[in-house]
>>> print(open('upload_36.txt').read())   # compact mmCIF, N, CA, C and O atoms
# COMPACT_ATOMS: atom_id res chain seq x y z
N GLY F 1 11.52 15.66 0.19
CA GLY F 1 10.66 16.67 0.62
C GLY F 1 9.21 16.25 0.59
O GLY F 1 8.76 15.35 1.31
N ALA F 2 8.49 16.91 -0.28
CA ALA F 2 7.03 16.72 -0.36
C ALA F 2 6.67 15.31 -0.84
O ALA F 2 5.71 14.71 -0.35
N LEU F 3 7.44 14.79 -1.79
CA LEU F 3 7.15 13.44 -2.30
C LEU F 3 7.37 12.40 -1.21
O LEU F 3 6.59 11.45 -1.08
N GLY F 4 8.39 12.56 -0.40
CA GLY F 4 8.64 11.65 0.71
C GLY F 4 7.51 11.66 1.73
O GLY F 4 7.10 10.62 2.24
N LEU F 5 7.01 12.85 2.01
CA LEU F 5 5.88 12.98 2.93
C LEU F 5 4.64 12.32 2.35
O LEU F 5 3.92 11.59 3.05
N LEU F 6 4.40 12.54 1.06
CA LEU F 6 3.25 11.92 0.39
C LEU F 6 3.34 10.40 0.44
O LEU F 6 2.36 9.72 0.77
N VAL F 7 4.50 9.85 0.14
CA VAL F 7 4.70 8.41 0.15
C VAL F 7 4.48 7.85 1.56
O VAL F 7 3.83 6.81 1.73
N SER F 8 4.96 8.54 2.55
CA SER F 8 4.79 8.10 3.93
C SER F 8 3.33 8.06 4.33
O SER F 8 2.86 7.08 4.93
N VAL F 9 2.59 9.09 4.00
CA VAL F 9 1.16 9.14 4.32
C VAL F 9 0.40 8.07 3.56
O VAL F 9 -0.46 7.37 4.12
N LEU F 10 0.71 7.90 2.27
CA LEU F 10 0.02 6.88 1.47
C LEU F 10 0.29 5.47 1.99
O LEU F 10 -0.59 4.62 1.97
N ALA F 11 1.50 5.22 2.45
CA ALA F 11 1.84 3.90 2.99
C ALA F 11 0.99 3.61 4.22
O ALA F 11 0.47 2.50 4.38
N GLN F 12 0.83 4.59 5.08
CA GLN F 12 0.01 4.40 6.28
C GLN F 12 -1.46 4.18 5.92
O GLN F 12 -2.13 3.33 6.49
N ILE F 13 -1.93 4.94 4.94
CA ILE F 13 -3.32 4.80 4.51
C ILE F 13 -3.55 3.42 3.91
O ILE F 13 -4.56 2.76 4.19
N GLY F 14 -2.61 2.95 3.09
CA GLY F 14 -2.73 1.61 2.51
C GLY F 14 -2.78 0.54 3.57
O GLY F 14 -3.57 -0.41 3.49
N ASP F 15 -1.96 0.67 4.59
CA ASP F 15 -1.96 -0.30 5.69
C ASP F 15 -3.27 -0.26 6.46
O ASP F 15 -3.84 -1.31 6.79
N LEU F 16 -3.78 0.93 6.71
CA LEU F 16 -5.04 1.05 7.45
C LEU F 16 -6.23 0.51 6.65
O LEU F 16 -7.12 -0.13 7.21
N ILE F 17 -6.23 0.74 5.35
CA ILE F 17 -7.32 0.22 4.51
C ILE F 17 -7.29 -1.31 4.49
O ILE F 17 -8.33 -1.96 4.61
N ALA F 18 -6.10 -1.89 4.37
CA ALA F 18 -6.00 -3.35 4.38
C ALA F 18 -6.45 -3.91 5.72
O ALA F 18 -7.14 -4.94 5.77
N SER F 19 -6.10 -3.25 6.81
CA SER F 19 -6.54 -3.70 8.14
C SER F 19 -8.06 -3.60 8.27
O SER F 19 -8.69 -4.47 8.86
N LEU F 20 -8.64 -2.53 7.73
CA LEU F 20 -10.08 -2.37 7.76
C LEU F 20 -10.77 -3.49 6.99
O LEU F 20 -11.77 -4.06 7.47
N ILE F 21 -10.26 -3.83 5.83
CA ILE F 21 -10.83 -4.92 5.04
C ILE F 21 -10.74 -6.24 5.80
O ILE F 21 -11.70 -7.02 5.84
N LYS F 22 -9.59 -6.48 6.43
CA LYS F 22 -9.44 -7.71 7.21
C LYS F 22 -10.44 -7.76 8.37
O LYS F 22 -11.02 -8.81 8.65
N ARG F 23 -10.65 -6.64 9.05
CA ARG F 23 -11.60 -6.61 10.16
C ARG F 23 -13.03 -6.84 9.68
O ARG F 23 -13.81 -7.55 10.32
N GLU F 24 -13.39 -6.22 8.56
CA GLU F 24 -14.74 -6.39 8.03
C GLU F 24 -15.01 -7.82 7.60
O GLU F 24 -16.13 -8.30 7.69
N ARG F 25 -13.99 -8.51 7.11
CA ARG F 25 -14.14 -9.89 6.64
C ARG F 25 -13.83 -10.90 7.73
O ARG F 25 -13.92 -12.10 7.48
N ASP F 26 -13.48 -10.41 8.93
CA ASP F 26 -13.13 -11.27 10.06
C ASP F 26 -12.02 -12.26 9.70
O ASP F 26 -12.12 -13.47 9.95
N VAL F 27 -10.96 -11.73 9.08
CA VAL F 27 -9.82 -12.53 8.66
C VAL F 27 -8.60 -12.09 9.45
O VAL F 27 -8.31 -10.89 9.54
N LYS F 28 -7.89 -13.03 10.04
CA LYS F 28 -6.69 -12.68 10.80
C LYS F 28 -5.48 -12.54 9.88
O LYS F 28 -4.73 -11.59 9.96
N ASP F 29 -5.30 -13.51 9.00
CA ASP F 29 -4.16 -13.51 8.08
C ASP F 29 -4.65 -13.63 6.65
O ASP F 29 -5.62 -14.33 6.37
N TYR F 30 -3.95 -12.98 5.73
CA TYR F 30 -4.27 -13.10 4.30
C TYR F 30 -3.76 -14.41 3.72
O TYR F 30 -4.16 -14.80 2.65
N GLY F 31 -2.84 -15.05 4.38
CA GLY F 31 -2.29 -16.29 3.85
C GLY F 31 -1.58 -17.06 4.94
O GLY F 31 -1.57 -16.69 6.10
N LYS F 32 -0.95 -18.15 4.55
CA LYS F 32 -0.29 -19.02 5.52
C LYS F 32 1.23 -19.00 5.40
O LYS F 32 1.91 -19.73 6.11
N ILE F 33 1.78 -18.20 4.52
CA ILE F 33 3.24 -18.16 4.34
C ILE F 33 3.92 -17.52 5.54
O ILE F 33 4.94 -17.99 6.01
N PHE F 34 3.35 -16.43 6.07
CA PHE F 34 3.88 -15.77 7.26
C PHE F 34 2.85 -15.84 8.38
O PHE F 34 2.20 -14.85 8.69
N PRO F 35 2.65 -17.01 8.99
CA PRO F 35 1.61 -17.11 10.01
C PRO F 35 1.87 -16.18 11.19
O PRO F 35 2.99 -16.01 11.64
N GLY F 36 0.80 -15.52 11.65
CA GLY F 36 0.90 -14.60 12.77
C GLY F 36 1.36 -13.21 12.39
O GLY F 36 1.41 -12.31 13.21
N HIS F 37 1.70 -13.01 11.13
CA HIS F 37 2.18 -11.70 10.67
C HIS F 37 1.21 -11.05 9.69
O HIS F 37 1.55 -10.07 9.05
N GLY F 38 0.04 -11.61 9.53
CA GLY F 38 -0.94 -11.02 8.62
C GLY F 38 -0.87 -11.56 7.22
O GLY F 38 -1.65 -11.18 6.36
N GLY F 39 0.06 -12.43 6.94
CA GLY F 39 0.18 -12.99 5.60
C GLY F 39 0.99 -12.12 4.66
O GLY F 39 1.49 -11.06 5.02
N VAL F 40 1.11 -12.58 3.44
CA VAL F 40 1.92 -11.89 2.43
C VAL F 40 1.33 -10.51 2.12
O VAL F 40 2.06 -9.54 1.96
N MET F 41 0.02 -10.44 2.05
CA MET F 41 -0.63 -9.17 1.70
C MET F 41 -0.28 -8.08 2.71
O MET F 41 -0.14 -6.91 2.35
N ASP F 42 -0.11 -8.44 3.97
CA ASP F 42 0.26 -7.46 4.98
C ASP F 42 1.65 -6.88 4.73
O ASP F 42 1.95 -5.79 5.20
N ARG F 43 2.48 -7.59 4.02
CA ARG F 43 3.82 -7.10 3.70
C ARG F 43 3.81 -6.13 2.53
O ARG F 43 4.75 -5.36 2.35
N PHE F 44 2.77 -6.18 1.71
CA PHE F 44 2.76 -5.38 0.48
C PHE F 44 1.62 -4.38 0.39
O PHE F 44 1.52 -3.66 -0.60
N ASP F 45 0.74 -4.30 1.40
CA ASP F 45 -0.40 -3.39 1.29
C ASP F 45 0.03 -1.93 1.16
O ASP F 45 -0.54 -1.17 0.39
N SER F 46 1.07 -1.55 1.86
CA SER F 46 1.58 -0.17 1.76
C SER F 46 2.20 0.08 0.39
O SER F 46 1.99 1.14 -0.21
N VAL F 47 2.94 -0.90 -0.10
CA VAL F 47 3.60 -0.77 -1.41
C VAL F 47 2.56 -0.64 -2.52
O VAL F 47 2.73 0.16 -3.45
N ILE F 48 1.49 -1.41 -2.41
CA ILE F 48 0.44 -1.35 -3.43
C ILE F 48 -0.20 0.03 -3.46
O ILE F 48 -0.37 0.62 -4.54
N ALA F 49 -0.54 0.57 -2.31
CA ALA F 49 -1.17 1.89 -2.25
C ALA F 49 -0.25 2.97 -2.81
O ALA F 49 -0.67 3.81 -3.60
N VAL F 50 1.01 2.93 -2.42
CA VAL F 50 1.98 3.93 -2.89
C VAL F 50 2.21 3.80 -4.39
O VAL F 50 2.24 4.80 -5.11
N SER F 51 2.37 2.58 -4.88
CA SER F 51 2.69 2.40 -6.30
C SER F 51 1.55 2.84 -7.21
O SER F 51 1.79 3.39 -8.28
N ILE F 52 0.31 2.62 -6.78
CA ILE F 52 -0.83 3.06 -7.59
C ILE F 52 -0.84 4.57 -7.73
O ILE F 52 -0.97 5.11 -8.84
N VAL F 53 -0.66 5.28 -6.63
CA VAL F 53 -0.70 6.74 -6.67
C VAL F 53 0.53 7.30 -7.41
O VAL F 53 0.41 8.22 -8.21
N LEU F 54 1.71 6.74 -7.15
CA LEU F 54 2.91 7.21 -7.84
C LEU F 54 2.83 6.97 -9.35
O LEU F 54 3.28 7.80 -10.14
N ALA F 55 2.27 5.83 -9.75
CA ALA F 55 2.11 5.56 -11.18
C ALA F 55 1.16 6.57 -11.82
O ALA F 55 1.42 7.07 -12.92
N ALA F 56 0.06 6.88 -11.12
CA ALA F 56 -0.88 7.87 -11.66
C ALA F 56 -0.25 9.25 -11.73
O ALA F 56 -0.35 9.94 -12.75
N LEU F 57 0.44 9.65 -10.66
CA LEU F 57 1.10 10.96 -10.67
C LEU F 57 2.22 11.01 -11.71
O LEU F 57 2.41 12.02 -12.38
N GLY F 58 2.96 9.92 -11.80
CA GLY F 58 4.06 9.86 -12.76
C GLY F 58 3.60 9.98 -14.19
O GLY F 58 4.23 10.64 -15.02
N SER F 59 2.47 9.36 -14.50
CA SER F 59 1.98 9.46 -15.87
C SER F 59 1.34 10.82 -16.14
O SER F 59 1.40 11.33 -17.25
N PHE F 60 0.77 11.43 -15.11
CA PHE F 60 0.12 12.72 -15.29
C PHE F 60 1.14 13.86 -15.35
O PHE F 60 1.04 14.76 -16.19
N PHE F 61 2.13 13.83 -14.47
CA PHE F 61 3.11 14.91 -14.38
C PHE F 61 4.45 14.58 -15.01
O PHE F 61 5.39 15.37 -14.93
N ASN F 62 4.60 13.39 -15.60
CA ASN F 62 5.85 12.94 -16.20
C ASN F 62 7.02 12.98 -15.20
O ASN F 62 8.12 13.43 -15.52
N PHE F 63 6.78 12.51 -13.97
CA PHE F 63 7.82 12.49 -12.95
C PHE F 63 9.03 11.64 -13.36
O PHE F 63 10.15 11.93 -13.02
N PHE F 64 8.75 10.57 -14.07
CA PHE F 64 9.80 9.58 -14.34
C PHE F 64 10.44 9.75 -15.71
O PHE F 64 11.20 8.89 -16.14
N GLU F 65 10.15 10.82 -16.38
CA GLU F 65 10.71 11.07 -17.71
C GLU F 65 12.15 11.54 -17.57
O GLU F 65 12.46 12.46 -16.80
N VAL F 66 13.05 10.92 -18.29
CA VAL F 66 14.45 11.30 -18.27
C VAL F 66 14.72 12.27 -19.42
O VAL F 66 14.38 12.00 -20.56
N ILE F 67 15.32 13.38 -19.08
CA ILE F 67 15.57 14.41 -20.11
C ILE F 67 16.92 14.18 -20.74
O ILE F 67 17.89 13.91 -20.13
>>> encode(input="upload_36.txt", output="structure tokens")
Amino acid sequence: GALGLLVSVLAQIGDLIASLIKRERDVKDYGKIFPGHGGVMDRFDSVIAVSIVLAALGSFFNFFEVI
């Protein structure tokens, strides 16, 4: 439901922020492991954005606490 929507939006925002940083720095790829695909960072920019917010929400609201 709502958490899935939040994760989806955060993933897009993370990708857009990484693209903005690349444009500002005039960098095509973050690395050479995946040439032409934006590098390794392009594969994880969405995951990084989502994990930071989920970790903060999880610690604040105890989402991950097992009863």
>>> select_by_dssp(input="upload_36.txt", residues="segment 13-56 of chain F", states="alpha helix (DSSP H)", output="ChimeraX atom specification")
/F:13-24,40-56
>>> residues_around(input="upload_36.txt", residues="Leu10 of chain F", least_positions_apart="5", cutoff="7 Å", atoms="all atoms listed in the file", output="list of chain:residue names")
F:Gly4, F:Leu5, F:Asp15, F:Leu16, F:Asp45, F:Ser46, F:Val47, F:Ala49, F:Val50
>>> write_last_selection(input="upload_36.txt", atoms="N, CA, C and O atoms", output="mmCIF file, in the coordinates of the input")
data_model
loop_
_atom_site.group_PDB
_atom_site.id
_atom_site.type_symbol
_atom_site.label_atom_id
_atom_site.label_comp_id
_atom_site.auth_asym_id
_atom_site.auth_seq_id
_atom_site.Cartn_x
_atom_site.Cartn_y
_atom_site.Cartn_z
ATOM 1 N N GLY F 4 8.390 12.560 -0.400
ATOM 2 C CA GLY F 4 8.640 11.650 0.710
ATOM 3 C C GLY F 4 7.510 11.660 1.730
ATOM 4 O O GLY F 4 7.100 10.620 2.240
ATOM 5 N N LEU F 5 7.010 12.850 2.010
ATOM 6 C CA LEU F 5 5.880 12.980 2.930
ATOM 7 C C LEU F 5 4.640 12.320 2.350
ATOM 8 O O LEU F 5 3.920 11.590 3.050
ATOM 9 N N ASP F 15 -1.960 0.670 4.590
ATOM 10 C CA ASP F 15 -1.960 -0.300 5.690
ATOM 11 C C ASP F 15 -3.270 -0.260 6.460
ATOM 12 O O ASP F 15 -3.840 -1.310 6.790
ATOM 13 N N LEU F 16 -3.780 0.930 6.710
ATOM 14 C CA LEU F 16 -5.040 1.050 7.450
ATOM 15 C C LEU F 16 -6.230 0.510 6.650
ATOM 16 O O LEU F 16 -7.120 -0.130 7.210
ATOM 17 N N ASP F 45 0.740 -4.300 1.400
ATOM 18 C CA ASP F 45 -0.400 -3.390 1.290
ATOM 19 C C ASP F 45 0.030 -1.930 1.160
ATOM 20 O O ASP F 45 -0.540 -1.170 0.390
ATOM 21 N N SER F 46 1.070 -1.550 1.860
ATOM 22 C CA SER F 46 1.580 -0.170 1.760
ATOM 23 C C SER F 46 2.200 0.080 0.390
ATOM 24 O O SER F 46 1.990 1.140 -0.210
ATOM 25 N N VAL F 47 2.940 -0.900 -0.100
ATOM 26 C CA VAL F 47 3.600 -0.770 -1.410
ATOM 27 C C VAL F 47 2.560 -0.640 -2.520
ATOM 28 O O VAL F 47 2.730 0.160 -3.450
ATOM 29 N N ALA F 49 -0.540 0.570 -2.310
ATOM 30 C CA ALA F 49 -1.170 1.890 -2.250
ATOM 31 C C ALA F 49 -0.250 2.970 -2.810
ATOM 32 O O ALA F 49 -0.670 3.810 -3.600
ATOM 33 N N VAL F 50 1.010 2.930 -2.420
ATOM 34 C CA VAL F 50 1.980 3.930 -2.890
ATOM 35 C C VAL F 50 2.210 3.800 -4.390
ATOM 36 O O VAL F 50 2.240 4.800 -5.110
#
>>> atom_distance(input="upload_36.txt", atom1="atom C of Ile33 of chain F", atom2="atom CA of Ala18 of chain F")
17.3 Å
>>> atom_distance(input="upload_36.txt", atom1="atom CA of Arg25 of chain F", atom2="atom CA of Leu54 of chain F")
28.2 Å
>>> atom_distance(input="upload_36.txt", atom1="atom CA of Arg23 of chain F", atom2="atom CA of Val9 of chain F")
21.1 Å
